[in-house]
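J.: run-v4.txt is the file, holding compact mmCIF, C-alpha atoms and all ligand atoms:
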# COMPACT_ATOMS: atom_id res chain seq x y z
CA MET A 9 148.12 102.05 89.89
CA SER A 10 149.38 105.62 89.86
CA LYS A 11 149.39 107.69 93.04
CA ILE A 12 150.18 111.37 93.37
CA LEU A 13 150.52 113.30 96.60
CA ILE A 14 150.72 117.09 96.39
CA LYS A 15 151.86 118.58 99.69
CA ASN A 16 152.52 122.02 101.22
CA ILE A 17 149.98 123.59 98.84
CA LYS A 18 149.79 127.34 99.43
CA GLY A 19 146.06 127.34 98.59
CA LEU A 20 143.77 124.48 97.54
CA VAL A 21 141.16 126.29 95.46
CA GLN A 22 137.50 125.38 94.85
CA TYR A 23 137.61 122.45 97.27
CA GLY A 24 134.83 120.78 99.21
CA GLU A 25 132.01 118.27 99.22
CA ASP A 26 128.35 118.88 98.35
CA MET A 27 129.34 121.47 95.78
CA PRO A 28 126.49 123.28 94.02
CA ILE A 29 126.04 122.28 90.36
CA ALA A 30 126.96 125.87 89.48
CA ARG A 31 127.48 129.15 91.31
CA VAL A 32 124.96 131.84 90.47
CA GLY A 33 124.63 135.60 90.93
CA ARG A 34 126.33 136.97 94.04
CA ASP A 35 127.44 133.49 95.04
CA MET A 36 129.89 133.59 92.12
CA GLN A 37 132.07 135.68 94.41
CA HIS A 38 132.34 132.69 96.75
CA LEU A 39 135.50 130.63 96.21
CA PRO A 40 136.62 128.22 98.94
CA ILE A 41 140.40 128.13 99.50
CA LEU A 42 142.16 125.88 102.00
CA GLU A 43 145.58 127.21 102.97
CA ASN A 44 148.59 124.97 103.58
CA ALA A 45 146.92 121.86 102.25
CA TYR A 46 147.57 118.46 100.69
CA LEU A 47 145.80 116.60 97.90
CA ALA A 48 146.00 112.90 97.04
CA ILE A 49 145.09 111.49 93.62
CA GLU A 50 144.87 107.81 92.74
CA ASP A 51 144.41 106.66 89.16
CA ASN A 52 143.37 110.18 88.23
CA ILE A 53 140.66 110.36 90.92
CA ILE A 54 140.78 112.65 93.96
CA VAL A 55 140.92 110.38 97.02
CA ALA A 56 141.86 112.73 99.88
CA TYR A 57 142.62 116.34 100.71
CA GLY A 58 142.87 118.46 103.80
CA ALA A 59 145.08 120.70 105.93
CA MET A 60 148.77 119.74 106.12
CA ASN A 61 148.61 119.60 109.92
CA GLU A 62 145.88 116.97 109.69
CA TRP A 63 147.71 114.83 107.17
CA GLU A 64 148.27 111.38 108.55
CA GLY A 65 151.05 110.41 106.19
CA ILE A 66 151.20 107.61 103.67
CA THR A 67 151.31 104.01 104.74
CA ASP A 68 152.20 102.59 101.37
CA TRP A 69 154.97 104.61 99.67
CA ARG A 70 155.25 102.34 96.64
CA ASN A 71 154.63 104.12 93.35
CA VAL A 72 153.80 107.44 94.96
CA GLU A 73 154.85 110.59 93.14
CA VAL A 74 155.26 113.30 95.75
CA ILE A 75 155.04 116.90 94.57
CA ASP A 76 156.02 119.76 96.85
CA ALA A 77 153.72 122.70 96.01
CA ASP A 78 155.23 125.18 98.46
CA GLY A 79 154.22 128.70 97.32
CA LYS A 80 151.90 127.29 94.65
CA TYR A 81 148.13 127.02 94.27
CA VAL A 82 146.22 123.94 93.18
CA LEU A 83 142.95 124.41 91.28
CA PRO A 84 140.55 122.11 89.47
CA ALA A 85 141.56 122.18 85.80
CA PHE A 86 139.87 124.80 83.65
CA CYS A 87 137.06 123.37 81.49
CA ASP A 88 136.82 124.84 77.99
CA SER A 89 133.17 124.33 77.07
CA HIS A 90 133.36 125.96 73.60
CA THR A 91 136.09 125.35 71.01
CA HIS A 92 136.56 124.76 67.30
CA ILE A 93 140.04 123.31 67.80
CA VAL A 94 139.91 121.02 64.74
CA PHE A 95 140.70 123.18 61.71
CA ALA A 96 142.94 123.11 58.69
CA LYS A 97 144.65 126.47 58.51
CA SER A 98 145.10 129.77 60.29
CA ARG A 99 143.45 132.89 58.77
CA GLU A 100 145.81 135.76 59.50
CA GLU A 101 145.05 137.35 56.10
CA GLU A 102 141.54 138.13 57.42
CA PHE A 103 143.11 139.58 60.55
CA VAL A 104 145.11 141.96 58.37
CA ASP A 105 141.94 142.85 56.40
CA ARG A 106 140.27 143.75 59.70
CA ILE A 107 143.23 145.93 60.70
CA LYS A 108 142.69 147.75 57.41
CA GLY A 109 139.05 148.39 58.27
CA LEU A 110 136.86 145.49 57.14
CA THR A 111 134.54 143.88 59.70
CA TYR A 112 134.19 140.16 60.42
CA GLU A 113 130.80 140.17 58.70
CA GLU A 114 132.10 141.98 55.59
CA ILE A 115 134.95 139.46 55.25
CA ALA A 116 132.49 136.58 55.56
CA LEU A 117 130.22 138.06 52.88
CA LYS A 118 133.23 138.12 50.48
CA GLY A 119 133.64 134.34 50.90
CA GLY A 120 136.10 134.51 53.81
CA GLY A 121 135.27 133.38 57.33
CA ILE A 122 133.78 129.95 57.92
CA LEU A 123 133.60 129.17 54.16
CA ASN A 124 137.34 129.90 53.87
CA SER A 125 138.04 127.36 56.63
CA ALA A 126 135.71 124.84 54.98
CA ARG A 127 137.60 125.06 51.66
CA ARG A 128 140.89 124.38 53.49
CA LEU A 129 139.49 121.54 55.52
CA ALA A 130 138.26 119.72 52.43
CA GLU A 131 141.89 119.47 51.26
CA LYS A 132 143.20 117.76 54.40
CA SER A 133 143.05 114.12 55.39
CA GLU A 134 141.56 112.86 58.65
CA ASP A 135 145.04 111.88 59.83
CA GLU A 136 146.51 115.33 59.18
CA LEU A 137 143.64 117.07 60.94
CA PHE A 138 143.97 114.69 63.87
CA GLU A 139 147.73 115.22 64.28
CA GLU A 140 147.42 119.00 64.08
CA ALA A 141 144.49 119.18 66.49
CA LEU A 142 146.32 116.91 68.93
CA ILE A 143 149.24 119.36 69.02
CA ARG A 144 146.84 122.24 69.72
CA VAL A 145 145.09 120.35 72.53
CA LYS A 146 148.43 119.53 74.16
CA LYS A 147 149.32 123.20 73.98
CA VAL A 148 146.13 124.30 75.73
CA MET A 149 146.58 121.59 78.35
CA ALA A 150 149.92 123.21 79.20
CA THR A 151 148.01 126.42 79.95
CA GLY A 152 145.53 124.74 82.29
CA THR A 153 142.72 123.24 80.19
CA GLY A 154 141.74 119.87 81.63
CA ALA A 155 138.46 119.22 79.76
CA ILE A 156 137.43 120.40 76.32
CA GLU A 157 134.36 120.59 74.10
CA ILE A 158 135.12 120.47 70.37
CA LYS A 159 132.79 121.38 67.51
CA SER A 160 132.60 120.30 63.89
CA GLY A 161 131.34 122.96 61.46
CA TYR A 162 134.22 123.49 59.03
CA GLY A 163 133.12 120.52 56.92
CA LEU A 164 129.73 121.64 55.58
CA THR A 165 129.45 118.53 53.38
CA VAL A 166 128.46 115.06 54.54
CA GLU A 167 131.95 113.72 53.95
CA ALA A 168 133.84 116.57 55.60
CA GLU A 169 131.56 116.94 58.62
CA ILE A 170 131.90 113.20 59.32
CA LYS A 171 135.67 113.51 58.83
CA MET A 172 135.81 116.27 61.47
CA LEU A 173 133.64 114.34 63.92
CA ARG A 174 135.80 111.23 63.49
CA VAL A 175 138.85 113.34 64.31
CA ILE A 176 137.12 114.52 67.50
CA LYS A 177 136.22 110.92 68.36
CA ARG A 178 139.86 109.91 67.97
CA LEU A 179 140.93 112.81 70.19
CA LYS A 180 138.44 111.54 72.80
CA GLU A 181 140.05 108.12 72.65
CA VAL A 182 143.66 109.22 73.04
CA LEU A 183 143.54 112.26 75.30
CA PRO A 184 143.94 111.97 79.07
CA ILE A 185 141.28 114.66 79.61
CA ALA A 186 137.49 114.73 79.08
CA VAL A 187 136.37 115.58 75.54
CA LYS A 188 132.80 116.35 74.41
CA ALA A 189 131.87 116.47 70.73
CA THR A 190 129.40 118.90 69.22
CA PHE A 191 127.89 118.63 65.73
CA LEU A 192 127.87 122.11 64.16
CA GLY A 193 126.88 121.30 60.57
CA ALA A 194 124.69 124.42 60.79
CA HIS A 195 127.67 126.76 61.05
CA ALA A 196 127.17 128.45 57.66
CA PHE A 197 125.36 127.69 54.40
CA PRO A 198 127.90 126.31 51.89
CA THR A 199 128.09 128.35 48.65
CA LYS A 200 126.31 125.59 46.74
CA PHE A 201 123.27 125.99 49.03
CA LYS A 202 123.35 129.77 49.34
CA GLU A 203 120.02 130.09 47.52
CA ASN A 204 118.76 126.69 48.62
CA HIS A 205 118.63 126.61 52.40
CA ARG A 206 116.06 123.81 52.29
CA GLY A 207 118.54 121.59 50.46
CA TYR A 208 121.27 122.02 53.08
CA ILE A 209 118.92 121.61 56.03
CA ASP A 210 117.58 118.41 54.45
CA LEU A 211 121.14 117.17 54.07
CA ILE A 212 121.80 117.84 57.78
CA ILE A 213 118.57 116.18 58.86
CA ASN A 214 118.33 113.26 56.47
CA GLU A 215 121.94 112.37 55.80
CA LEU A 216 124.21 113.69 58.54
CA LEU A 217 122.19 113.17 61.72
CA PRO A 218 121.43 109.44 61.12
CA LYS A 219 125.13 108.78 60.34
CA ILE A 220 126.23 110.68 63.44
CA GLU A 221 123.92 108.63 65.62
CA GLU A 222 124.98 105.38 64.00
CA GLU A 223 128.69 106.05 64.62
CA GLN A 224 128.06 107.78 67.98
CA LEU A 225 130.00 110.81 66.82
CA ALA A 226 128.50 113.62 68.90
CA ASP A 227 127.09 114.55 72.30
CA TYR A 228 125.67 117.97 71.44
CA ILE A 229 124.19 119.88 68.52
CA ASP A 230 124.98 123.51 67.76
CA VAL A 231 123.57 126.06 65.28
CA PHE A 232 124.99 129.51 64.48
CA CYS A 233 121.76 131.52 64.79
CA GLU A 234 122.59 134.91 63.27
CA ARG A 235 121.70 137.21 60.39
CA ASN A 236 123.27 135.87 57.17
CA TYR A 237 123.63 132.44 58.84
CA PHE A 238 120.72 130.42 60.31
CA SER A 239 117.36 132.00 61.13
CA LEU A 240 115.38 131.30 64.26
CA GLU A 241 113.06 128.93 62.39
CA GLU A 242 115.98 127.13 60.75
CA MET A 243 117.69 126.71 64.13
CA GLU A 244 114.50 125.34 65.64
CA GLU A 245 114.04 122.74 62.92
CA ILE A 246 117.65 121.58 63.16
CA LEU A 247 117.70 121.39 66.97
CA ILE A 248 114.45 119.43 67.05
CA ALA A 249 115.88 116.97 64.52
CA GLY A 250 119.14 116.71 66.50
CA LYS A 251 117.26 115.92 69.69
CA LYS A 252 115.53 113.01 67.93
CA HIS A 253 119.02 111.60 67.44
CA GLY A 254 119.96 112.08 71.09
CA LEU A 255 121.89 115.35 70.73
CA ILE A 256 121.43 118.09 73.34
CA PRO A 257 121.40 121.70 72.04
CA LYS A 258 124.27 124.07 72.85
CA VAL A 259 124.17 127.08 70.56
CA HIS A 260 125.85 130.16 69.07
CA VAL A 261 123.43 133.06 69.61
CA ASN A 262 123.49 136.86 69.97
CA GLN A 263 127.02 137.35 68.60
CA PHE A 264 126.04 140.26 66.35
CA SER A 265 122.29 140.62 66.77
CA VAL A 266 119.36 139.90 69.07
CA MET A 267 116.98 137.55 67.24
CA GLY A 268 115.14 135.70 70.01
CA GLY A 269 117.57 132.80 69.69
CA ILE A 270 118.17 132.56 73.43
CA ALA A 271 114.50 132.01 74.36
CA LYS A 272 114.05 129.56 71.48
CA ALA A 273 117.14 127.52 72.35
CA ILE A 274 116.07 127.40 75.99
CA GLU A 275 112.59 126.25 75.00
CA LEU A 276 114.33 123.41 73.16
CA GLY A 277 116.35 122.43 76.25
CA ALA A 278 119.73 124.04 75.49
CA LEU A 279 122.45 123.23 78.01
CA SER A 280 124.22 126.50 77.19
CA VAL A 281 123.76 129.62 75.08
CA ASP A 282 127.09 130.96 73.94
CA HIS A 283 128.48 134.37 72.82
CA LEU A 284 125.81 136.88 74.03
CA GLU A 285 127.84 139.94 73.01
CA GLU A 286 124.42 141.48 72.32
CA ILE A 287 121.66 140.87 74.85
CA SER A 288 118.17 142.20 75.64
CA ASP A 289 116.17 142.21 78.86
CA GLU A 290 113.88 139.56 77.34
CA ASP A 291 116.92 137.35 76.76
CA ILE A 292 117.95 137.72 80.41
CA ASP A 293 114.42 136.89 81.53
CA ALA A 294 114.42 133.75 79.42
CA ILE A 295 117.70 132.56 80.99
CA LYS A 296 116.38 133.33 84.50
CA HIS A 297 113.62 130.80 84.10
CA SER A 298 115.88 128.04 82.83
CA GLU A 299 118.71 125.67 83.68
CA CYS A 300 120.77 126.91 80.77
CA MET A 301 124.32 128.26 81.26
CA PRO A 302 125.07 131.60 79.59
CA THR A 303 128.61 131.31 78.27
CA LEU A 304 130.75 134.32 77.42
CA LEU A 305 133.77 134.36 75.11
CA PRO A 306 135.87 137.46 75.84
CA SER A 307 138.83 136.54 73.64
CA CYS A 308 136.48 136.52 70.61
CA SER A 309 135.26 140.04 71.47
CA HIS A 310 138.83 141.19 71.90
CA PHE A 311 140.11 139.67 68.68
CA ILE A 312 137.40 140.86 66.30
CA SER A 313 136.66 144.12 68.14
CA ILE A 314 133.02 143.55 69.02
CA PRO A 315 131.36 144.36 72.37
CA PHE A 316 132.21 142.20 75.39
CA GLY A 317 129.29 140.22 76.85
CA ASN A 318 127.70 142.09 79.73
CA ALA A 319 128.79 139.74 82.51
CA ARG A 320 127.94 142.18 85.31
CA LYS A 321 124.37 142.56 84.11
CA LEU A 322 123.90 138.80 84.01
CA ILE A 323 125.42 138.25 87.45
CA GLU A 324 123.44 141.13 88.95
CA ALA A 325 120.28 139.54 87.54
CA GLY A 326 121.13 136.52 89.72
CA LEU A 327 122.40 134.36 86.85
CA PRO A 328 125.52 132.21 86.56
CA ILE A 329 128.02 132.65 83.75
CA ALA A 330 130.65 130.35 82.28
CA LEU A 331 133.71 131.50 80.34
CA ALA A 332 135.20 129.65 77.37
CA SER A 333 137.85 130.28 74.73
CA ASP A 334 135.99 129.79 71.40
CA PHE A 335 139.41 128.73 69.99
CA ASN A 336 139.03 128.92 66.18
CA PRO A 337 141.05 130.34 63.28
CA GLY A 338 138.61 133.18 62.52
CA THR A 339 137.59 134.92 65.73
CA THR A 340 139.86 133.50 68.46
CA PRO A 341 143.22 132.07 67.44
CA THR A 342 144.14 131.02 70.97
CA GLY A 343 142.77 128.46 73.38
CA ASN A 344 144.71 129.80 76.35
CA LEU A 345 142.12 130.17 79.12
CA GLN A 346 144.48 132.38 81.13
CA VAL A 347 143.98 134.98 78.37
CA VAL A 348 140.22 134.55 78.81
CA PHE A 349 140.70 134.89 82.58
CA SER A 350 142.55 138.22 82.19
CA LEU A 351 140.13 139.66 79.64
CA ALA A 352 137.14 138.67 81.78
CA CYS A 353 138.63 140.57 84.72
CA ILE A 354 139.88 143.57 82.78
CA LYS A 355 137.12 144.03 80.23
CA MET A 356 134.07 142.41 81.81
CA LYS A 357 134.90 143.48 85.37
CA LEU A 358 134.71 140.02 86.86
CA THR A 359 136.61 139.57 90.10
CA PRO A 360 139.25 136.81 90.00
CA GLU A 361 136.98 134.68 92.23
CA GLU A 362 134.01 135.07 89.85
CA ALA A 363 136.21 134.28 86.86
CA ILE A 364 137.57 131.11 88.49
CA ASN A 365 134.02 129.93 89.20
CA ALA A 366 133.15 130.68 85.57
CA LEU A 367 136.16 128.67 84.32
CA THR A 368 135.73 125.67 86.63
CA LEU A 369 132.39 124.78 88.24
CA ASN A 370 130.16 126.70 85.82
CA ALA A 371 132.18 125.70 82.76
CA ALA A 372 131.95 122.03 83.78
CA TYR A 373 128.16 122.47 83.92
CA ALA A 374 128.16 124.09 80.47
CA MET A 375 129.74 120.96 79.00
CA GLY A 376 127.71 118.47 81.01
CA ILE A 377 130.54 117.14 83.18
CA ASN A 378 129.84 118.81 86.52
CA GLU A 379 129.51 115.45 88.28
CA THR A 380 133.15 114.67 87.59
CA HIS A 381 134.84 118.03 87.00
CA GLY A 382 134.92 121.63 88.14
CA SER A 383 135.91 121.24 91.78
CA ILE A 384 138.36 119.51 94.10
CA SER A 385 135.96 116.99 95.61
CA LEU A 386 136.35 113.33 96.58
CA GLY A 387 135.74 111.04 93.60
CA LYS A 388 136.09 113.79 91.01
CA SER A 389 138.71 113.92 88.26
CA GLY A 390 142.31 114.28 89.30
CA ASN A 391 142.99 116.66 86.40
CA VAL A 392 144.15 119.53 88.55
CA ILE A 393 146.33 122.56 87.88
CA ILE A 394 149.47 123.37 89.85
CA THR A 395 150.44 127.03 89.43
CA ASN A 396 153.92 128.48 89.51
CA GLU A 397 154.98 130.18 92.72
CA ILE A 398 152.72 133.24 92.69
CA PRO A 399 151.88 135.84 95.35
CA SER A 400 148.09 135.47 95.04
CA LEU A 401 145.38 134.07 92.78
CA ALA A 402 144.67 137.57 91.45
CA TYR A 403 148.24 137.56 90.10
CA ILE A 404 147.13 135.13 87.33
CA PRO A 405 144.82 137.58 85.48
CA TYR A 406 146.93 140.55 86.60
CA ALA A 407 150.23 139.46 85.06
CA PHE A 408 148.62 138.76 81.69
CA GLY A 409 150.54 137.21 78.83
CA GLU A 410 152.54 134.84 81.02
CA ASN A 411 151.85 131.16 81.61
CA HIS A 412 151.28 130.79 85.35
CA ILE A 413 150.61 127.07 85.14
CA GLU A 414 153.49 124.82 86.08
CA ARG A 415 151.67 121.60 85.37
CA LEU A 416 148.32 120.03 84.60
CA ILE A 417 148.05 116.64 86.27
CA SER A 418 146.62 114.21 83.72
O1 LIG A 501 132.22 131.18 67.48
N1 LIG A 501 130.46 132.62 65.18
C1 LIG A 501 130.56 131.52 64.69
N2 LIG A 501 131.57 130.69 64.78
C2 LIG A 501 132.89 131.02 65.27
C3 LIG A 501 133.73 131.69 64.24
C4 LIG A 501 134.02 130.82 63.11
C5 LIG A 501 135.04 131.31 62.14
O2 LIG A 501 135.14 132.53 61.85
O3 LIG A 501 135.76 130.44 61.66
C6 LIG A 501 132.77 131.77 66.57
O4 LIG A 501 133.21 132.91 66.73
FE FE A 502 132.24 129.43 68.46
Show me the file's structure as structure tokens.
Ligand code: NIG
Ligand code: FE
T.:
Amino acid sequence: MSKILIKNIKGLVQYGEDMPIARVGRDMQHLPILENAYLAIEDNIIVAYGAMNEWEGITDWRNVEVIDADGKYVLPAFCDSHTHIVFAKSREEEFVDRIKGLTYEEIALKGGGILNSARRLAEKSEDELFEEALIRVKKVMATGTGAIEIKSGYGLTVEAEIKMLRVIKRLKEVLPIAVKATFLGAHAFPTKFKENHRGYIDLIINELLPKIEEEQLADYIDVFCERNYFSLEEMEEILIAGKKHGLIPKVHVNQFSVMGGIAKAIELGALSVDHLEEISDEDIDAIKHSECMPTLLPSCSHFISIPFGNARKLIEAGLPIALASDFNPGTTPTGNLQVVFSLACIKMKLTPEEAINALTLNAAYAMGINETHGSISLGKSGNVIITNEIPSLAYIPYAFGENHIERLIS
């Protein structure tokens, strides 16, 4: 049995019982902080917390690791509800092409983008992909990520998609943090099926989905609904088929264009709609009447120079938002959620309190783990973050580019 006691905590953040499943609208500004606190974790479960002056001490000191957090904050770990962390190779040549003036869409139309990553992934073995992804996950854990959703979508053949999903399954088995797997076979049409969309959709529905269910390889199903990728009707057909195999929709929509994908995904029971760099009033209305979490990805906007999602408009409409990294080699080559935190504050005008809600409670909801993650509550996961000694919580997004996390308990 492992026991950890964190004492003299400067501020215990996002603590309490009877937490809401998510914070919405103006309530996103609400962030409970207990000053001068302690937190006890047993076998990775939160068993006690409170004010230092009410701490009754420990009766059994055997096997207790005591951490003095004087001057430091303790937060629930950040949940990254949207990543593509399994990939074969970085794509800095496309980055240079963009510097020289090409857009993300122009590069993709030349055979770069997702198809570039798919060609590289075909050349790597499951073991290589696993080892490399494991290193990346450990790196993001060191910056505060304590739960992660991971998508397939760089396979685009039966063999390679299954290879990616098996890698994610292995990560789930070995990592000390929660992992959710998302099947994103509908990420792009492979060159072979460029003129034969029906053929690729049939392959997803008739060959991939039954195999995925048989091997229990995924929790969610994603589709990149966008011009030059999957149409509204194609997304609908794929999501309906996925649901028949037990997969809940969680989709890429409104990255470059408004196509009605938000309302359609919600109609099909999507847990989250992600990207939303472009959004219409009809889209906002559709989210208002749903239980779906709008998820914004500011580091993607920053990296490929597209508009930032309009977080203020969503919050002012009384909606919640979650923030995620979108870690992938094409549009977001970092999974550091402190970068996301800073960009959300600087570019989307979120307050630090709103951003922390979006990275913890609301992000846990967006990946279906809000019963066990997202807040410091009795019985929830003991994956918590201990910061460095910092003057205030706002210092984290303010002093951008530094790692303010001393340790993720896992
Ligand atoms: O979320 N937009 C679709 N998928 C990824 C990018 C994939 C890539 O370029 O490799 C995204 O930004
Ligand atoms: Fe993505």
J.: Could you produce a table of the residues of chain A lying within 6 Å of ligand LIG 501 (chain A), with the nearest pair of atoms per residue and their separation in Å rounded to one decimal, using only C-alpha atoms and all ligand atoms, ordered by chain and increasing residue number, as a tab-separated table?
T.:
residue	atom	partner	partner_atom	distance
A:Gly121	CA	A:LIG501	O2	4.6
A:Ile122	CA	A:LIG501	O3	4.3
A:Phe232	CA	A:LIG501	C1	5.9
A:Asp334	CA	A:LIG501	O1	5.6
A:Asn336	CA	A:LIG501	O3	5.8
A:Pro337	CA	A:LIG501	O3	5.5
A:Gly338	CA	A:LIG501	O2	3.6
A:Thr339	CA	A:LIG501	O4	4.9
J.: With distances taken over all atoms listed in the file, which residue among A:Gly65, A:Gly343, A:Pro184, A:Gly268 lies nearest ligand FE 502 (chain A)?
T.: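 Comparing A:Gly65, A:Gly343, A:Pro184, A:Gly268 against ligand FE 502 (chain A), the winner is A:Gly343.
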J.: Can you tell me, as a ChimeraX atom specification, what residues are no more than 12 Å from Asp105 in chain A when counting all atoms listed in the file, ignoring any on the same chain fewer than 4 positions away?
T.: /A:99-101,109-116,118,120-121,312,338
J.: I'd like the interatomic distance between CA of Gly163 in chain A and CA of Ala126 in chain A, to a tenth of an Å.
T.: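 Pair CA of Gly163 in chain A / CA of Ala126 in chain A returns 5.4 Å.
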J.: Name all residues at most 12 Å from Lys11 in chain A (count all atoms listed in the file; drop same-chain ones fewer than 5 positions away) and give them as a PyMOL selection string.
T.: chain A and resi 47-56+66+68-75+390+417-418
J.: Using all atoms listed in the file, which protein or nucleic acid residues come within 9 Å of Glu245 in chain A? Drop anything in the same chain fewer than 4 positions from it, and give the result as a list in words.
T.: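 These residues fall inside the cut-off: Ile209, Ile213, Leu240, Glu241, Ala249 and Gly250 of chain A.
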J.: Just want the residues within 8 Å of ligand FE 502 (chain A), written as a count of residues only, counting all atoms listed in the file.
T.: 9
J.: Mind pulling up the distance from CA of Ser350 in chain A to CA of Lys15 in chain A?
T.: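 Between CA of Lys15 in chain A and CA of Ser350 in chain A the gap works out to 27.9 Å.
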J.: For Ile329 in chain A, which of A:Phe316, A:Phe103, A:Tyr373, A:Phe197 is the closest residue, counting all atoms listed in the file?
T.: A:Tyr373
J.: Quick one: residues within 9 Å of Glu299 in chain A, only C-alpha atoms counted, chain neighbours fewer than 4 positions away excluded, as a PyMOL selection string?
T.: chain A and resi 274+277-280+295
J.: By how many Å are CA of Ala77 in chain A and CA of Leu13 in chain A apart?
T.: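 Result for CA of Ala77 in chain A versus CA of Leu13 in chain A: 9.9 Å, one decimal.
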J.: List as a PDB file with C-alpha atoms, in the coordinates of the input the protein and nucleic acid residues near Tyr57 in chain A, meaning an atom at most 9 Å away when all atoms listed in the file are counted, but skip any in the same chain fewer than 4 places from it.
T.:
ATOM      1  CA  LEU A  20     143.770 124.480  97.540  1.00  0.00           C
ATOM      2  CA  TYR A  23     137.610 122.450  97.270  1.00  0.00           C
ATOM      3  CA  ALA A  45     146.920 121.860 102.250  1.00  0.00           C
ATOM      4  CA  TYR A  46     147.570 118.460 100.690  1.00  0.00           C
ATOM      5  CA  LEU A  47     145.800 116.600  97.900  1.00  0.00           C
ATOM      6  CA  ALA A  48     146.000 112.900  97.040  1.00  0.00           C
ATOM      7  CA  ILE A  49     145.090 111.490  93.620  1.00  0.00           C
ATOM      8  CA  TRP A  63     147.710 114.830 107.170  1.00  0.00           C
ATOM      9  CA  ILE A 384     138.360 119.510  94.100  1.00  0.00           C
ATOM     10  CA  SER A 385     135.960 116.990  95.610  1.00  0.00           C
ATOM     11  CA  LEU A 386     136.350 113.330  96.580  1.00  0.00           C
TER      12      LEU A 386
END
J.: Name the closest residue to Cys87 in chain A among the candidates A:Cys233, A:Leu192, A:Met9, A:Ala186; distances are taken between atoms, counting only C-alpha atoms.
T.: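 Closest to Cys87 in chain A, using only C-alpha atoms: A:Ala186.
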J.: Neighbourhood query: residues within 12 Å of (127.0, 142.2, 78.7), file coordinates, counting only C-alpha atoms; return as a ChimeraX atom specification.
T.: /A:262-263,283-289,291-292,302-306,309,314-325,329,352,355-358
J.: Which residues of range 105-180 of chain A come within 9 Å of range 220-228 of chain A, and for each one, what is the closest pair of atoms and their distance in Å to one decimal, counting only C-alpha atoms, sorted by chain and residue number, as a Markdown table?
T.:
| residue | atom | partner | partner_atom | distance |
| --- | --- | --- | --- | --- |
| A:Lys159 | CA | A:Tyr228 | CA | 8.8 |
| A:Ile170 | CA | A:Ile220 | CA | 7.4 |
| A:Leu173 | CA | A:Leu225 | CA | 5.8 |
| A:Arg174 | CA | A:Leu225 | CA | 6.7 |
| A:Ile176 | CA | A:Leu225 | CA | 8.1 |
| A:Lys177 | CA | A:Leu225 | CA | 6.4 |
J.: Measuring between only C-alpha atoms, which one of A:Leu217, A:Val94, A:Met301, A:Leu401 shows the shortest distance to Lys18 in chain A?
T.: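 Answer, going by the shortest atom-to-atom distance: A:Leu401.
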